[in-house]
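J.: I have a structure I would like to understand better, so I am pasting it below and will then ask my questions one at a time.
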Amino acid sequence: MSDKLQWVEDELRKLQEAGLYNRIRTLSSPQGAWLSVDGRQVLNFCSNNYLGLANHPRLVKSAKEAVDKYGVGPAAVRTIAGTMDLHVQLEQRMAAFKGVEAAITFQSGFNANLGTSPALVGIADVIFSDELNHASIIDGSRLSGAQIVRYNHCDPVDLEKALEEHRAKYPHALVVTDGVFSMDGDVAPLDKIYAVTKRYEAILMVDDAHGEGVLGRGGRGIVDHYGLHGKVDVEVGTLSKAFGVVGGVVAGNPLVVEWLRQRGRPFLFSSAMTVPDAAACLAAIDILEETTELVDRLWENTRYFKDEMQRLGFDTGQSVTPITPIMLGEAPLAQQFSQQLFENGVFAMAIGFPTVPRGKARIRVMISAAHKQEDLDQGLAAFAQVGRKLGVVS
Ligand SMILES: *Cc1c(COP(=O)(O)O)cnc(C)c1O
């Protein structure tokens, strides 16, 4: 064997020694409050299935019926022959749900980000980016070739300083932020970011992956949460979290959407969302438009779990959303905690560097409307037991 990949082996060993090696568990059940993992039933505190839609009977039925009518694959990129009436309906329905003029779908939220920033800014331009933005925003920004100026996390004053210093040197500028930050569960001050951005002639883009189906009236997202309709140029979203399926969406200014149909590279060079995905997403919108019941239950569960965790003495960080980090500090402790939770029938992931900064390792609990109160109680009991054993709480 040649030595040219020896470094990979070395790096993998280092990850294992640092407690940062991803051990991927395999599920043999649908997504729900409980999962079958390695032959065991465990309580699911990991998924982004906020509303329990991933295995909802109406989504399943819609997908099956669509498969019977259209088959499974789109067989082409959207611009060649891959746009079915399902895709067009999905875009119209998404736009109406979000209260914007237009929307375009991508194969994933990641692809939506990879397609959007490079279409809006180029090598001569500038992007102002929250320092904790998601990897897909960072990669999309880098792909654009624009100068990237990072501003302090959720800090409109620092953003303004950055705009003041750099904006005038570039023809076009983009300000981009996560809506809900996926590791901390805090929410961007989008109203203040909008006010600052407006003064400097910059395009405003928010990635609402964890806000879609969660924030705003009936889960209409962060723009609705702040009442900023018509003011945010670009709302990136995902159909893989609260919507329970897979896919990405860009909603907002119709000019941006039209431009992405011409210049969004993952739109032009990668095939469309599949038939069952598009059909299931349509059923998800039906449900969200009919009732706020699932969104309401998600928030009730969130409040209950967080209050009880704090009462037990755990540090749940800055979260104001269903994303509940349990701050533990060092990565090996977080991994050990997660392992012992699993032995107690609770599946909750440890997250360490580089997903979060060094020294800020944590367990991230994802609350869902699918959880019943007794599920949450069982999870809380396991946290209390492991937390005492490992000396995290007394
Ligand atoms: C999850 C996530 C994405 C990626 O969404 P996918 O549809 O799973 O590709 C993009 N941005 C943010 C902020 C996310 O949390």
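Ordering of the structure tokens sets the chain letters (A, B, ...), residue numbers begin anew at 1 in every chain, and ligands are numbered from 1 in the order given.
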Could you list, as a list in words, all the residues within 6 Å of ligand 1, counting only C-alpha atoms and all ligand atoms?

T.: Ser108, Gly109, Phe110, His134, Ser136, Asp178, Ser182, Asp207, Ala209, His210, Thr238, Leu239, Ser240, Val246, Gly247 and Gly248 of chain A

J.: List the neighbours of Thr26 of chain A out to 12 Å using only C-alpha atoms; skip same-chain residues closer than 2 positions along the sequence, and give me the result as a PyMOL selection string.

T.: chain A and resi 23-24+28-31+35-40+347

J.: Could you give me, as a ChimeraX atom specification, the residues within 7 Å of Pro276 of chain A, counting only C-alpha atoms and dropping anything in the same chain fewer than 4 positions from it?

T.: /A:63-64,66-67,72,280

J.: Return as a PyMOL selection string the full set of residues in segment 96-215 of chain A whose backbone-based DSSP assignment is helix (DSSP H, G or I).

T.: chain A and resi 96-98+109-120+135-144+156-169+190-199

J.: Just to confirm, what's the straight-line distance from atom CA of Arg303 of chain A to atom CA of Ala350 of chain A in Å (one decimal)?

T.: 21.7 Å

J.: Apply DSSP to the structure's backbone, then extract all residues of segment 294-327 of chain A labelled strand (DSSP E) and return them as a list of chain:residue names.

T.: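 Strand (DSSP E) members of segment 294-327 of chain A, listed: A:Ile323, A:Thr324, A:Pro325, A:Ile326, A:Met327.
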
J.: Pull all heavy atoms from the residues just selected and write them as a PDB file, in the first residue's frame.

T.:
```pdb
ATOM      1  N   ILE A 323     -34.439  23.949  20.044  1.00  0.00           N
ATOM      2  CA  ILE A 323     -33.071  23.422  20.086  1.00  0.00           C
ATOM      3  C   ILE A 323     -32.544  23.656  21.493  1.00  0.00           C
ATOM      4  O   ILE A 323     -32.430  24.798  21.926  1.00  0.00           O
ATOM      5  CB  ILE A 323     -32.173  24.172  19.077  1.00  0.00           C
ATOM      6  CG1 ILE A 323     -32.676  23.946  17.661  1.00  0.00           C
ATOM      7  CG2 ILE A 323     -30.714  23.779  19.249  1.00  0.00           C
ATOM      8  CD1 ILE A 323     -32.006  24.849  16.619  1.00  0.00           C
ATOM      9  N   THR A 324     -32.246  22.572  22.210  1.00  0.00           N
ATOM     10  CA  THR A 324     -31.859  22.722  23.610  1.00  0.00           C
ATOM     11  C   THR A 324     -30.458  22.164  23.839  1.00  0.00           C
ATOM     12  O   THR A 324     -30.292  20.954  24.000  1.00  0.00           O
ATOM     13  CB  THR A 324     -32.877  22.000  24.528  1.00  0.00           C
ATOM     14  OG1 THR A 324     -34.202  22.425  24.161  1.00  0.00           O
ATOM     15  CG2 THR A 324     -32.622  22.335  25.983  1.00  0.00           C
ATOM     16  N   PRO A 325     -29.437  23.048  23.858  1.00  0.00           N
ATOM     17  CA  PRO A 325     -28.090  22.550  24.133  1.00  0.00           C
ATOM     18  C   PRO A 325     -27.923  22.342  25.637  1.00  0.00           C
ATOM     19  O   PRO A 325     -28.420  23.132  26.437  1.00  0.00           O
ATOM     20  CB  PRO A 325     -27.194  23.701  23.641  1.00  0.00           C
ATOM     21  CG  PRO A 325     -28.031  24.930  23.777  1.00  0.00           C
ATOM     22  CD  PRO A 325     -29.470  24.505  23.611  1.00  0.00           C
ATOM     23  N   ILE A 326     -27.280  21.246  26.011  1.00  0.00           N
ATOM     24  CA  ILE A 326     -26.927  21.019  27.410  1.00  0.00           C
ATOM     25  C   ILE A 326     -25.415  21.198  27.455  1.00  0.00           C
ATOM     26  O   ILE A 326     -24.668  20.320  27.027  1.00  0.00           O
ATOM     27  CB  ILE A 326     -27.310  19.581  27.857  1.00  0.00           C
ATOM     28  CG1 ILE A 326     -28.713  19.185  27.352  1.00  0.00           C
ATOM     29  CG2 ILE A 326     -27.161  19.435  29.363  1.00  0.00           C
ATOM     30  CD1 ILE A 326     -29.839  20.078  27.763  1.00  0.00           C
ATOM     31  N   MET A 327     -24.977  22.350  27.945  1.00  0.00           N
ATOM     32  CA  MET A 327     -23.565  22.728  27.855  1.00  0.00           C
ATOM     33  C   MET A 327     -22.726  21.893  28.818  1.00  0.00           C
ATOM     34  O   MET A 327     -23.022  21.829  30.018  1.00  0.00           O
ATOM     35  CB  MET A 327     -23.400  24.219  28.170  1.00  0.00           C
ATOM     36  CG  MET A 327     -24.295  25.143  27.346  1.00  0.00           C
ATOM     37  SD  MET A 327     -24.128  24.932  25.564  1.00  0.00           S
ATOM     38  CE  MET A 327     -22.508  25.652  25.316  1.00  0.00           C
TER      39      MET A 327
END
```

J.: Between A:Val236, A:Leu5, A:Ile80, A:Ile138, which one has atoms that come closest to Ala103 of chain A, using only C-alpha atoms?

T.: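 With only C-alpha atoms as the atom set, the closest residue is A:Val236.
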
J.: One number please: atom CA of Thr274 of chain A to atom CA of Gly73 of chain A, in Å, one decimal.

T.: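 We find that atom CA of Thr274 of chain A and atom CA of Gly73 of chain A lie 5.2 Å from each other.
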
J.: Could you give me, as a PyMOL selection string, the residues within 6 Å of segment 114-122 of chain A, counting only C-alpha atoms and dropping anything in the same chain fewer than 2 positions from it?

T.: chain A and resi 111-112+124-125+140-141+144-146+263-266

J.: Need to verify the contact set: Ala95 of chain A, 10 Å, only C-alpha atoms, exclusion of same-chain residues closer than 6 positions in sequence. Can you return it as a compact mmCIF listing (two decimals) with C-alpha atoms, in the first residue's frame?

T.:
```
# COMPACT_ATOMS: atom_id res chain seq x y z
CA GLN A 89 -47.39 23.75 -7.18
CA GLU A 101 -44.37 36.76 -4.02
CA ALA A 102 -42.22 33.90 -5.26
CA ALA A 103 -40.29 30.80 -4.28
CA ILE A 104 -37.97 28.32 -5.94
CA VAL A 249 -36.40 26.54 -0.88
CA VAL A 250 -35.59 30.16 -1.57
CA ALA A 251 -38.51 32.52 -1.04
CA GLY A 252 -38.76 36.26 -1.25
CA PRO A 254 -39.51 37.69 -7.19
```

J.: Pick out the closest residue to Ala279 of chain A from this set: A:Arg167, A:Phe243, A:Gln318, A:Glu201. Count only C-alpha atoms.

T.: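 For Ala279 of chain A, the nearest of the given residues is A:Phe243.
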
J.: Pick out the residues sitting within 10 Å of Ala361 of chain A, and hand them over as JSON, numbers by chain; count only C-alpha atoms, and ignore anything fewer than 4 positions along from it in its own chain.

T.: {"A": [20, 325, 326, 327, 328, 329, 330, 331, 332, 333, 334, 335, 350, 351, 352, 353, 354, 355, 356, 357]}

J.: Please, could you write that set of residues out with all heavy atoms as a CSV table (one decimal), in the first residue's frame?

T.:
```csv
chain,number,residue,atom,x,y,z
A,20,LEU,N,-13.8,13.3,19.1
A,20,LEU,CA,-14.5,14.0,18.1
A,20,LEU,C,-14.8,13.2,16.9
A,20,LEU,O,-15.3,13.7,15.8
A,20,LEU,CB,-13.6,15.2,17.6
A,20,LEU,CG,-13.3,16.3,18.7
A,20,LEU,CD1,-12.2,17.2,18.2
A,20,LEU,CD2,-14.5,17.0,19.1
A,325,PRO,N,-29.4,23.0,23.9
A,325,PRO,CA,-28.1,22.6,24.1
A,325,PRO,C,-27.9,22.3,25.6
A,325,PRO,O,-28.4,23.1,26.4
A,325,PRO,CB,-27.2,23.7,23.6
A,325,PRO,CG,-28.0,24.9,23.8
A,325,PRO,CD,-29.5,24.5,23.6
A,326,ILE,N,-27.3,21.2,26.0
A,326,ILE,CA,-26.9,21.0,27.4
A,326,ILE,C,-25.4,21.2,27.5
A,326,ILE,O,-24.7,20.3,27.0
A,326,ILE,CB,-27.3,19.6,27.9
A,326,ILE,CG1,-28.7,19.2,27.4
A,326,ILE,CG2,-27.2,19.4,29.4
A,326,ILE,CD1,-29.8,20.1,27.8
A,327,MET,N,-25.0,22.4,27.9
A,327,MET,CA,-23.6,22.7,27.9
A,327,MET,C,-22.7,21.9,28.8
A,327,MET,O,-23.0,21.8,30.0
A,327,MET,CB,-23.4,24.2,28.2
A,327,MET,CG,-24.3,25.1,27.3
A,327,MET,SD,-24.1,24.9,25.6
A,327,MET,CE,-22.5,25.7,25.3
A,328,LEU,N,-21.7,21.3,28.3
A,328,LEU,CA,-20.9,20.4,29.1
A,328,LEU,C,-19.4,20.7,29.1
A,328,LEU,O,-18.6,20.3,30.0
A,328,LEU,CB,-21.0,18.9,28.7
A,328,LEU,CG,-22.5,18.4,28.9
A,328,LEU,CD1,-22.6,17.0,28.2
A,328,LEU,CD2,-22.7,18.2,30.4
A,329,GLY,N,-18.9,21.5,28.1
A,329,GLY,CA,-17.5,21.9,28.1
A,329,GLY,C,-16.6,21.1,27.2
A,329,GLY,O,-16.5,21.4,26.0
A,330,GLU,N,-16.0,20.1,27.8
A,330,GLU,CA,-15.1,19.3,27.0
A,330,GLU,C,-15.7,18.2,26.2
A,330,GLU,O,-16.7,17.5,26.7
A,330,GLU,CB,-14.0,18.7,27.9
A,330,GLU,CG,-13.2,19.8,28.6
A,330,GLU,CD,-12.6,20.9,27.7
A,330,GLU,OE1,-12.1,20.5,26.6
A,330,GLU,OE2,-12.7,22.1,28.0
A,331,ALA,N,-15.2,17.9,25.0
A,331,ALA,CA,-15.8,17.0,24.1
A,331,ALA,C,-15.9,15.5,24.7
A,331,ALA,O,-16.9,14.9,24.5
A,331,ALA,CB,-15.1,17.0,22.8
A,332,PRO,N,-14.8,15.0,25.3
A,332,PRO,CA,-14.9,13.7,25.9
A,332,PRO,C,-16.0,13.5,26.9
A,332,PRO,O,-16.7,12.5,26.9
A,332,PRO,CB,-13.5,13.4,26.5
A,332,PRO,CG,-12.6,14.4,25.8
A,332,PRO,CD,-13.4,15.6,25.5
A,333,LEU,N,-16.2,14.5,27.7
A,333,LEU,CA,-17.4,14.5,28.7
A,333,LEU,C,-18.7,14.4,27.9
A,333,LEU,O,-19.6,13.6,28.3
A,333,LEU,CB,-17.3,15.7,29.6
A,333,LEU,CG,-18.5,15.8,30.6
A,333,LEU,CD1,-18.6,14.6,31.5
A,333,LEU,CD2,-18.5,17.1,31.4
A,334,ALA,N,-18.8,15.2,26.9
A,334,ALA,CA,-20.1,15.2,26.1
A,334,ALA,C,-20.3,13.8,25.5
A,334,ALA,O,-21.4,13.3,25.5
A,334,ALA,CB,-20.1,16.3,25.1
A,335,GLN,N,-19.2,13.2,25.0
A,335,GLN,CA,-19.4,11.9,24.4
A,335,GLN,C,-19.7,10.8,25.4
A,335,GLN,O,-20.6,10.0,25.1
A,335,GLN,CB,-18.1,11.5,23.7
A,335,GLN,CG,-17.9,12.2,22.3
A,335,GLN,CD,-17.3,11.3,21.3
A,335,GLN,OE1,-16.5,10.4,21.6
A,335,GLN,NE2,-17.6,11.6,20.0
A,350,ALA,N,-23.9,14.0,21.2
A,350,ALA,CA,-22.8,14.9,21.6
A,350,ALA,C,-22.3,15.7,20.4
A,350,ALA,O,-22.2,15.1,19.3
A,350,ALA,CB,-21.7,14.1,22.2
A,351,ILE,N,-22.1,17.0,20.6
A,351,ILE,CA,-21.6,17.8,19.5
A,351,ILE,C,-20.4,18.5,20.0
A,351,ILE,O,-20.4,19.2,21.1
A,351,ILE,CB,-22.7,18.8,19.1
A,351,ILE,CG1,-23.9,18.0,18.4
A,351,ILE,CG2,-22.1,19.8,18.0
A,351,ILE,CD1,-25.0,18.8,18.0
A,352,GLY,N,-19.3,18.4,19.2
A,352,GLY,CA,-18.0,19.0,19.6
A,352,GLY,C,-17.4,19.7,18.4
A,352,GLY,O,-18.0,19.9,17.3
A,353,PHE,N,-16.2,20.2,18.6
A,353,PHE,CA,-15.4,20.8,17.5
A,353,PHE,C,-15.3,19.9,16.3
A,353,PHE,O,-15.1,18.7,16.5
A,353,PHE,CB,-14.0,21.2,18.1
A,353,PHE,CG,-13.2,21.9,17.1
A,353,PHE,CD1,-13.3,23.3,16.9
A,353,PHE,CD2,-12.2,21.2,16.3
A,353,PHE,CE1,-12.5,24.0,16.0
A,353,PHE,CE2,-11.4,21.9,15.4
A,353,PHE,CZ,-11.6,23.3,15.3
A,354,PRO,N,-15.5,20.4,15.0
A,354,PRO,CA,-15.5,21.8,14.6
A,354,PRO,C,-17.0,22.3,14.5
A,354,PRO,O,-17.1,23.4,14.0
A,354,PRO,CB,-14.9,21.8,13.3
A,354,PRO,CG,-15.2,20.4,12.7
A,354,PRO,CD,-15.4,19.5,13.9
A,355,THR,N,-18.0,21.5,14.8
A,355,THR,CA,-19.4,21.9,14.7
A,355,THR,C,-19.6,23.1,15.7
A,355,THR,O,-20.4,24.0,15.4
A,355,THR,CB,-20.3,20.8,14.9
A,355,THR,OG1,-19.9,19.7,14.1
A,355,THR,CG2,-21.7,21.1,14.5
A,356,VAL,N,-19.0,23.0,16.9
A,356,VAL,CA,-19.1,24.1,17.8
A,356,VAL,C,-17.7,24.4,18.3
A,356,VAL,O,-16.8,23.6,18.1
A,356,VAL,CB,-20.0,23.7,19.1
A,356,VAL,CG1,-21.4,23.5,18.7
A,356,VAL,CG2,-19.4,22.5,19.8
A,357,PRO,N,-17.4,25.6,18.8
A,357,PRO,CA,-16.0,25.9,19.2
A,357,PRO,C,-15.5,25.0,20.3
A,357,PRO,O,-16.2,24.3,21.0
A,357,PRO,CB,-16.1,27.3,19.8
A,357,PRO,CG,-17.4,27.9,19.3
A,357,PRO,CD,-18.3,26.7,19.1
```

J.: Can you list, as a ChimeraX atom specification, every protein, DNA or RNA residue that comes within 10 Å of segment 211-225 of chain A when you count only C-alpha atoms, leaving out same-chain residues fewer than 5 positions away?

T.: /A:50-51,94,97-99,178-182,185,187-191,206,230-232,235-244,284-285,288-296,298-299,321-322

J.: Nearest to Val275 of chain A among A:Ile123, A:Val60, A:Leu341, A:Met84, with distances taken over only C-alpha atoms: which residue is it?

T.: A:Met84
